[in-house]
Amino acid sequence: MKKLFVLFFLWPVFTSCDFQEESSGIDPNVLLGEWILDMSPHTRADSNFALMNITHVEEHSFEGEFYREGVRIQNAHINTQLGVLYAALVSEDGTGTYNTSFYYKEGVLYGTTHAVNRNFLSVWIAKKARKDDNP
């Protein structure tokens with residue numbers, strides 16, 4: 001009898017919840033362009049800059065380069081279901097595989113990059129490049 005109660009009375013509650021619903025009003029195209037990554041925000045004593053160039057955004061994915069020119073973004077995904085633009089990607093530069101995730105807030109990206117086989121996690125911030133910036 002308890003199973004019937006769950007099935008008939010609680011089933012509509014669970015089926016009406018869309019946990020994957022995307023948040024309207026968030027434009028993933030804000031990611032397009034060149035970003036300068038400061039990969040040393042924890043001390044500010046040593047500057048370590050990299051780049052991310054996002055060349056194409058399509059609904060839940062994007063394309064481009066990460067870290068330096070020629071390192072292609074792979075398996076990129078975008079998620080806005082919590083009202084914030086989150087993104088993740090994988091990259092490989094010949095020294096290893098890197099898992100990167102970040103979120104966008106007020107024109108700034110806040111992210112982490114995990115070097116799978118190199119035993120480190122980099123925390124970084126990024127801003128859109130200006131024409132006179134050189135990473």
# chains A, B, ... in the order shown; residues from 1 in each chain; ligands from 1

call {"tool": "residues_around", "arguments": {"residues": "Gly64 (chain A)", "least_positions_apart": "6", "cutoff": "10 Å", "atoms": "only C-alpha atoms", "output": "list in words"}}
result
Leu32, Gly33, Glu34, Met52, Asn53, Ile54, Thr55, His56, Val57, Gly70, Val71, Arg72, Ile73, Gln74 and Ala76 of chain A

call {"tool": "select_by_dssp", "arguments": {"residues": "region 85-130 of chain A", "states": "strand (DSSP E)", "output": "ChimeraX atom specification"}}
result
/A:85-92,97-105,108-115,120-128

call {"tool": "atom_distance", "arguments": {"atom1": "CA of Glu63 (chain A)", "atom2": "CA of Val90 (chain A)"}}
result
11.0 Å

call {"tool": "residues_around", "arguments": {"residues": "Leu37 (chain A)", "least_positions_apart": "4", "cutoff": "10 Å", "atoms": "only C-alpha atoms", "output": "PyMOL selection string"}}
result
chain A and resi 41+48-52+66-67+108-111+123-129+135

call {"tool": "write_last_selection", "arguments": {"atoms": "N, CA and C atoms", "output": "mmCIF file, in the first residue's frame"}}
result
data_model
loop_
_atom_site.group_PDB
_atom_site.id
_atom_site.type_symbol
_atom_site.label_atom_id
_atom_site.label_comp_id
_atom_site.auth_asym_id
_atom_site.auth_seq_id
_atom_site.Cartn_x
_atom_site.Cartn_y
_atom_site.Cartn_z
ATOM 1 N N PRO A 41 46.564 34.276 -8.636
ATOM 2 C CA PRO A 41 45.875 35.269 -7.805
ATOM 3 C C PRO A 41 46.068 35.071 -6.309
ATOM 4 N N ASN A 48 51.704 35.075 -13.545
ATOM 5 C CA ASN A 48 51.681 33.908 -14.414
ATOM 6 C C ASN A 48 50.420 34.015 -15.260
ATOM 7 N N PHE A 49 50.570 34.521 -16.477
ATOM 8 C CA PHE A 49 49.420 34.767 -17.320
ATOM 9 C C PHE A 49 49.306 33.732 -18.425
ATOM 10 N N ALA A 50 48.082 33.445 -18.803
ATOM 11 C CA ALA A 50 47.778 32.541 -19.904
ATOM 12 C C ALA A 50 46.611 33.152 -20.663
ATOM 13 N N LEU A 51 46.169 32.463 -21.700
ATOM 14 C CA LEU A 51 45.055 32.986 -22.474
ATOM 15 C C LEU A 51 43.978 31.940 -22.658
ATOM 16 N N MET A 52 42.785 32.417 -22.930
ATOM 17 C CA MET A 52 41.698 31.574 -23.390
ATOM 18 C C MET A 52 41.003 32.369 -24.485
ATOM 19 N N PHE A 66 42.857 27.141 -25.132
ATOM 20 C CA PHE A 66 43.053 27.396 -23.705
ATOM 21 C C PHE A 66 44.526 27.279 -23.350
ATOM 22 N N TYR A 67 45.001 28.156 -22.524
ATOM 23 C CA TYR A 67 46.340 28.247 -21.958
ATOM 24 C C TYR A 67 47.312 28.963 -22.885
ATOM 25 N N VAL A 108 33.903 38.918 -15.208
ATOM 26 C CA VAL A 108 35.116 38.215 -14.785
ATOM 27 C C VAL A 108 34.841 36.721 -14.736
ATOM 28 N N LEU A 109 35.843 35.924 -15.135
ATOM 29 C CA LEU A 109 35.775 34.472 -14.992
ATOM 30 C C LEU A 109 36.567 34.072 -13.765
ATOM 31 N N TYR A 110 36.023 33.185 -12.958
ATOM 32 C CA TYR A 110 36.691 32.646 -11.773
ATOM 33 C C TYR A 110 36.806 31.150 -11.992
ATOM 34 N N GLY A 111 38.037 30.635 -12.035
ATOM 35 C CA GLY A 111 38.167 29.244 -12.401
ATOM 36 C C GLY A 111 39.264 28.482 -11.697
ATOM 37 N N VAL A 123 44.298 27.975 -9.316
ATOM 38 C CA VAL A 123 43.120 28.829 -9.149
ATOM 39 C C VAL A 123 43.409 30.110 -9.908
ATOM 40 N N TRP A 124 42.455 30.575 -10.726
ATOM 41 C CA TRP A 124 42.731 31.736 -11.552
ATOM 42 C C TRP A 124 41.511 32.631 -11.707
ATOM 43 N N ILE A 125 41.779 33.847 -12.161
ATOM 44 C CA ILE A 125 40.742 34.793 -12.557
ATOM 45 C C ILE A 125 41.074 35.260 -13.970
ATOM 46 N N ALA A 126 40.061 35.679 -14.727
ATOM 47 C CA ALA A 126 40.318 36.128 -16.090
ATOM 48 C C ALA A 126 39.429 37.312 -16.432
ATOM 49 N N LYS A 127 39.992 38.198 -17.225
ATOM 50 C CA LYS A 127 39.252 39.347 -17.753
ATOM 51 C C LYS A 127 39.433 39.378 -19.257
ATOM 52 N N LYS A 128 38.464 39.977 -19.936
ATOM 53 C CA LYS A 128 38.549 40.101 -21.388
ATOM 54 C C LYS A 128 39.787 40.905 -21.756
ATOM 55 N N ALA A 129 40.467 40.441 -22.791
ATOM 56 C CA ALA A 129 41.665 41.119 -23.264
ATOM 57 C C ALA A 129 41.297 42.433 -23.952
ATOM 58 N N PRO A 135 49.566 38.672 -23.139
ATOM 59 C CA PRO A 135 49.780 37.700 -22.051
ATOM 60 C C PRO A 135 51.186 37.174 -22.051
#

call {"tool": "residues_around", "arguments": {"residues": "His60 (chain A)", "least_positions_apart": "6", "cutoff": "10 Å", "atoms": "only C-alpha atoms", "output": "PyMOL selection string"}}
result
chain A and resi 22+28+76-80+87

call {"tool": "atom_distance", "arguments": {"atom1": "CA of Asn75 (chain A)", "atom2": "CA of Lys131 (chain A)"}}
result
28.6 Å

call {"tool": "closest_residue", "arguments": {"among": "A:Ser122, A:Leu85, A:Phe62, A:Thr95", "to": "Asp27 (chain A)", "atoms": "only C-alpha atoms"}}
result
A:Leu85
